[in-house]
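What follows is a short report on a single structure.
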Amino acid sequence: MNRKPYRIGVIDLGSNTARLIVMQAIPGYAYRIVDEIREVVRLQQGMTKKGLHKKAVERAFSTLRLFKRFCDTTHVDTILTTATAAVRDAPNGPAFIERVSAEINLDLQIIDGEREAYLGVLGVLNEVPFEEGYVLDIGGGSAQTSEVRKSFFHKGQSFTLGALALTERFVAHDPIKASEVKNIQKEIDHQLDTAFWAKKIHAPTLVGLGGTIRNLARIACLRHDYPLNTLHGVRLTRADVEKTIDLLRHNSNAKRKHIPGLNEDRADIILPGAMVVATVMDRLGVEDMAISTCGLREGVFLEQFWEHLPRPTVPEIKRFGVLNLARNYHYQKHHTNHVRFLCERLFDQLSPLHGYGLPELELLDAAAMLHDIGNAIGYDDHHKHSQTLIQYNGLPGFTPREIALIALLTRFHRKGKPNILDYKTLLDKDDEKLLLCLSALLRLAEFLERGRNAAVDDVSVTWTDDTLHISLIADEFPIVEMWQSEQHAVPLARAAFDRKVRLDSLAAPGPWPGLSEDDDDENNTETFPPPAPST
């Protein structure tokens, strides 16, 4: 593929924070974030009935100039921009937009609450697979709740329940007073009484996004010694939200800054946001929420990335997430796909012995797709690099346990004794057995494809009580693959299946006795079977 990737910048001017992300993308093929700048602007701070405060406006202009200059110097092809609650609610918002256009040459788009909710849901639906439920997005100036039906946005509603907006209205003391907490809760309850889902009492799926919610999740992860470096697939429990609220209520801003995982610039405003989270969870009757690392900015980008589809969402999140990561790290497609094929053949034929099903095959297939992406860093220890790339990037749609297992499978695809020590807070002894089995299959497939030329077309597996017999189907005797597999893969398969392992090939290792080399050369044009004699 020779198509040149585009660089797309997305600027989100929020009520508390301004963010720029730069995405590198080939439309419909692959994308990745290549840069990000985050600046606390506090645009809502000091806002009155007349509109945005002069100092807040100047902070915003300084940041937007920085973002525009960065995009110009790094050769961003397209800049997409949004402005949310603070600008749309301010009487002087239109004048602010005009000045941005005239002085900075940025076409800043004010989006309404419904549009903001929709874009946030687009980001979520390209990362978290679910068909029915709700999405909660808490920003600085507002909070959006949205309903998802049939895996797409149904409707959304915006409330002035942003973390900064509530702090500005109700918090005047440090540490916060009990009366101020009471007033915040009263306001949250008052506004949520008008929610379109207010009278629903079933326990739906709830997904959370936005800086406040992700920060609460990060605090919870550090509390539980979470071993991954991504929030993909993390679930934030109601109990953890309540623990964090208790910490925030009883500490000053200075002490809050030392809470592990809490961004220092959120220390003074995160409590009201956490209270909104707890209240929504309570009203919807859920004990936890899924965390989305994607949100409004990603939604803006993905709306363009998937513009050729009837809906700008990927139909198979897990499948595309794995493929997207593989493409971004320049995987060898033909080699990878043959390893995947051999993995599936080994898995299916050995299913009576291992007893696993489609969920485990999905993990094996993902690991087979990603096992060599570490070569993008360097060949030496590339198995370790593959693990690192998965651990830091995460995989949309997969749970933390599944991400950990996929990362470990790539780590042990070529050598080493599989173990779960790096992820012991996510995995258990049953997973150790699973890891051993799937690692053995992946390692066998990898070394049976050692020449990277599909020399082994297929495998046929049989077994007895003490022996596993693997016949290799090939056009020519696969001497390199057999030699490498005997050395590096057979010992692990022996441990996984508690049997001796025998490899043989249906292709003969040499010519039949009594035949000369010339009898088998390209000049021998005799067909097989030979033609019938003429009469």
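Ligands are numbered from 1 in the order shown, residues from 1 within each chain, and chains are lettered A, B, ... in the order they appear in the structure tokens.
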Once you count only C-alpha atoms, what closest atom pair and distance in Å to one decimal does each residue of region 306-411 of chain A within 10 Å of region 17-29 of chain A have, with rows by chain and rising residue number, as a tab-separated table?
```
residue	atom	partner	partner_atom	distance
A:Trp306	CA	A:Gly28	CA	6.2
A:Glu307	CA	A:Gly28	CA	8.7
A:His308	CA	A:Gly28	CA	8.1
A:Leu309	CA	A:Gly28	CA	9.1
A:Val314	CA	A:Gly28	CA	9.6
A:Phe320	CA	A:Tyr29	CA	9.4
A:Leu323	CA	A:Tyr29	CA	9.1
A:Asn324	CA	A:Tyr29	CA	7.5
A:Arg327	CA	A:Tyr29	CA	8.2
A:Asn328	CA	A:Ala25	CA	9.4
```
Using C-alpha atoms, can you export the residues from the last selection as a PDB file, in the first residue's frame?
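Result file follows (result-v4.pdb):
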```pdb
ATOM      1  CA  TRP A 306     -15.337   6.248   8.844  1.00  0.00           C
ATOM      2  CA  GLU A 307     -17.264   8.702   6.652  1.00  0.00           C
ATOM      3  CA  HIS A 308     -17.574   6.111   3.878  1.00  0.00           C
ATOM      4  CA  LEU A 309     -19.620   3.791   6.143  1.00  0.00           C
ATOM      5  CA  VAL A 314     -16.489  -0.076  13.231  1.00  0.00           C
ATOM      6  CA  PHE A 320     -10.277  -3.981  13.957  1.00  0.00           C
ATOM      7  CA  LEU A 323      -5.611  -5.232  13.006  1.00  0.00           C
ATOM      8  CA  ASN A 324      -5.137  -1.506  13.546  1.00  0.00           C
ATOM      9  CA  ARG A 327      -0.856  -2.225  10.774  1.00  0.00           C
ATOM     10  CA  ASN A 328       0.541   0.664  12.762  1.00  0.00           C
TER      11      ASN A 328
END
```
### Shell of 8 Å around Leu262 (chain A), only C-alpha atoms, local chain residues under 6 positions omitted, as a ChimeraX atom specification
/A:215-216,218-219,256
File dump, residues just selected, all heavy atoms, as a PDB file, in the first residue's frame:
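Result file is selection_5.pdb:
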```pdb
ATOM      1  N   ASN A 215      -9.684  10.180  35.403  1.00  0.00           N
ATOM      2  CA  ASN A 215      -8.824  10.416  36.557  1.00  0.00           C
ATOM      3  C   ASN A 215      -9.271   9.595  37.767  1.00  0.00           C
ATOM      4  O   ASN A 215      -8.456   9.049  38.509  1.00  0.00           O
ATOM      5  CB  ASN A 215      -8.790  11.902  36.899  1.00  0.00           C
ATOM      6  CG  ASN A 215      -7.500  12.324  37.582  1.00  0.00           C
ATOM      7  OD1 ASN A 215      -7.241  13.506  37.792  1.00  0.00           O
ATOM      8  ND2 ASN A 215      -6.668  11.377  37.959  1.00  0.00           N
ATOM      9  N   LEU A 216     -10.579   9.470  37.959  1.00  0.00           N
ATOM     10  CA  LEU A 216     -11.093   8.615  39.034  1.00  0.00           C
ATOM     11  C   LEU A 216     -10.683   7.160  38.806  1.00  0.00           C
ATOM     12  O   LEU A 216     -10.326   6.442  39.752  1.00  0.00           O
ATOM     13  CB  LEU A 216     -12.612   8.719  39.106  1.00  0.00           C
ATOM     14  CG  LEU A 216     -13.184  10.065  39.580  1.00  0.00           C
ATOM     15  CD1 LEU A 216     -14.702  10.080  39.397  1.00  0.00           C
ATOM     16  CD2 LEU A 216     -12.826  10.320  41.046  1.00  0.00           C
ATOM     17  N   ARG A 218      -8.020   6.128  37.157  1.00  0.00           N
ATOM     18  CA  ARG A 218      -6.581   6.007  37.374  1.00  0.00           C
ATOM     19  C   ARG A 218      -6.262   5.918  38.864  1.00  0.00           C
ATOM     20  O   ARG A 218      -5.383   5.154  39.289  1.00  0.00           O
ATOM     21  CB  ARG A 218      -5.854   7.194  36.739  1.00  0.00           C
ATOM     22  CG  ARG A 218      -4.359   7.005  36.604  1.00  0.00           C
ATOM     23  CD  ARG A 218      -3.742   8.110  35.767  1.00  0.00           C
ATOM     24  NE  ARG A 218      -4.223   8.088  34.396  1.00  0.00           N
ATOM     25  CZ  ARG A 218      -5.023   9.001  33.867  1.00  0.00           C
ATOM     26  NH1 ARG A 218      -5.443  10.028  34.596  1.00  0.00           N
ATOM     27  NH2 ARG A 218      -5.421   8.914  32.618  1.00  0.00           N
ATOM     28  N   ILE A 219      -6.955   6.684  39.676  1.00  0.00           N
ATOM     29  CA  ILE A 219      -6.777   6.611  41.131  1.00  0.00           C
ATOM     30  C   ILE A 219      -7.115   5.211  41.629  1.00  0.00           C
ATOM     31  O   ILE A 219      -6.382   4.611  42.427  1.00  0.00           O
ATOM     32  CB  ILE A 219      -7.652   7.661  41.841  1.00  0.00           C
ATOM     33  CG1 ILE A 219      -7.166   9.080  41.510  1.00  0.00           C
ATOM     34  CG2 ILE A 219      -7.659   7.452  43.347  1.00  0.00           C
ATOM     35  CD1 ILE A 219      -8.124  10.179  41.928  1.00  0.00           C
ATOM     36  N   ARG A 256      -4.685  16.787  48.645  1.00  0.00           N
ATOM     37  CA  ARG A 256      -5.256  16.017  47.539  1.00  0.00           C
ATOM     38  C   ARG A 256      -4.227  15.779  46.445  1.00  0.00           C
ATOM     39  O   ARG A 256      -4.235  14.737  45.778  1.00  0.00           O
ATOM     40  CB  ARG A 256      -6.449  16.763  46.934  1.00  0.00           C
ATOM     41  CG  ARG A 256      -7.692  16.806  47.784  1.00  0.00           C
ATOM     42  CD  ARG A 256      -8.757  17.617  47.058  1.00  0.00           C
ATOM     43  NE  ARG A 256      -9.951  17.825  47.860  1.00  0.00           N
ATOM     44  CZ  ARG A 256     -10.975  18.563  47.475  1.00  0.00           C
ATOM     45  NH1 ARG A 256     -10.938  19.168  46.291  1.00  0.00           N
ATOM     46  NH2 ARG A 256     -12.031  18.713  48.247  1.00  0.00           N
TER      47      ARG A 256
END
```
### Distance query Lys429 (chain A) at most 10 Å, only C-alpha atoms, self and fewer than 5 positions along chain excluded, as a ChimeraX atom specification
/A:419-420,424,434-435
### Query
Which residues, written as a PyMOL selection string, have at least one atom at most 8 Å from Arg411 (chain A), with only C-alpha atoms counted and residues fewer than 3 positions away on the same chain left out?
chain A and resi 371+383-387+407-408+414
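What separates CA of Gly139 (chain A) from CA of Ile110 (chain A) is a distance of 15.2 Å.
Of the residues in region 178-396 of chain A, those given strand (DSSP E or B) by DSSP on the backbone are Thr205, Leu206, Val207, Gly208, Leu209, Arg235, Leu236, Thr237, Asp288, Met289, Ala290 and Ile291 of chain A.
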### Message
I'd like the interatomic distance between CA of Lys255 (chain A) and CA of Ala172 (chain A), to a tenth of an Å.
### Response
17.1 Å
Against region 153-156 of chain A, which residues of region 299-386 of chain A fall within 12 Å? For each one I want the closest pair of atoms and the distance in Å (one decimal), counting only C-alpha atoms, rows by chain and increasing residue number, as CSV.
```
residue,atom,partner,partner_atom,distance
A:Gly299,CA,A:Phe153,CA,11.9
A:Arg311,CA,A:Phe153,CA,10.2
A:Pro312,CA,A:Phe153,CA,10.9
A:Thr313,CA,A:Phe153,CA,10.5
```
Writing out the chosen residues with N, CA and C atoms as a JSON list (two decimals), in the first residue's frame:
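Result file part-v8.json:
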```
[["chain", "number", "residue", "atom", "x", "y", "z"],
["A", 299, "GLY", "N", -14.15, 11.14, 18.67],
["A", 299, "GLY", "CA", -15.39, 11.11, 17.91],
["A", 299, "GLY", "C", -15.34, 12.04, 16.72],
["A", 311, "ARG", "N", -22.69, 4.16, 9.04],
["A", 311, "ARG", "CA", -22.52, 4.74, 10.37],
["A", 311, "ARG", "C", -21.03, 4.82, 10.68],
["A", 312, "PRO", "N", -20.57, 5.91, 11.28],
["A", 312, "PRO", "CA", -19.13, 6.05, 11.53],
["A", 312, "PRO", "C", -18.65, 5.25, 12.74],
["A", 313, "THR", "N", -18.97, 3.97, 12.76],
["A", 313, "THR", "CA", -18.50, 3.08, 13.82],
["A", 313, "THR", "C", -18.03, 1.78, 13.19]]
```
### Query
When DSSP works through the backbone of this structure, what residues of region 346-531 of chain A end up as helix (DSSP H, G or I), shown as number ranges by chain?
A: 346-349, 351-354, 358-370, 373-376, 382-393, 400-411, 421-423, 429-448, 479-488, 490-497, 517-520
### Query
Quick one: residues within 9 Å of Lys417 (chain A), only C-alpha atoms counted, chain neighbours fewer than 2 positions away excluded, as a list in words?
Phe412, Lys415, Asn419, Leu436 and Leu492 of chain A
Can you list every residue of region 401-457 of chain A that has an atom at most 8 Å from region 467-475 of chain A, with its nearest atom pair and the distance in Å to one decimal, using only C-alpha atoms, ordered by chain then number, as a Markdown table?
```
| residue | atom | partner | partner_atom | distance |
| --- | --- | --- | --- | --- |
| A:Ala455 | CA | A:Ala474 | CA | 6.1 |
| A:Val456 | CA | A:Ala474 | CA | 4.8 |
| A:Asp457 | CA | A:Ala474 | CA | 5.3 |
```
Preceding selection exported with N, CA and C atoms as an mmCIF file, in the first residue's frame:
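Below is the file part.cif, written as the result:
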```
data_model
loop_
_atom_site.group_PDB
_atom_site.id
_atom_site.type_symbol
_atom_site.label_atom_id
_atom_site.label_comp_id
_atom_site.auth_asym_id
_atom_site.auth_seq_id
_atom_site.Cartn_x
_atom_site.Cartn_y
_atom_site.Cartn_z
ATOM 1 N N ALA A 455 6.098 -22.816 4.046
ATOM 2 C CA ALA A 455 6.588 -24.125 3.610
ATOM 3 C C ALA A 455 5.702 -25.247 4.131
ATOM 4 N N VAL A 456 5.194 -25.086 5.360
ATOM 5 C CA VAL A 456 4.259 -26.052 5.924
ATOM 6 C C VAL A 456 2.848 -25.582 5.583
ATOM 7 N N ASP A 457 2.208 -26.325 4.691
ATOM 8 C CA ASP A 457 0.879 -25.926 4.245
ATOM 9 C C ASP A 457 -0.181 -26.134 5.311
#
```
### Message
So that I can check the surroundings of His232 (chain A), please list as a list in words every protein, DNA and RNA residue that reaches within 8 Å of it, counting only C-alpha atoms and ignoring chain neighbours fewer than 5 positions away.
### Response
Ile291, Ser292, Thr293, Gly394, Leu395, Pro396, Gly397, Phe398, Thr399 and Pro400 of chain A
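For the set A:Leu161, A:Ala198, A:Leu363, A:Met369, the residue with the smallest atom-to-atom gap to Gly285 (chain A) is A:Ala198, counting only C-alpha atoms.
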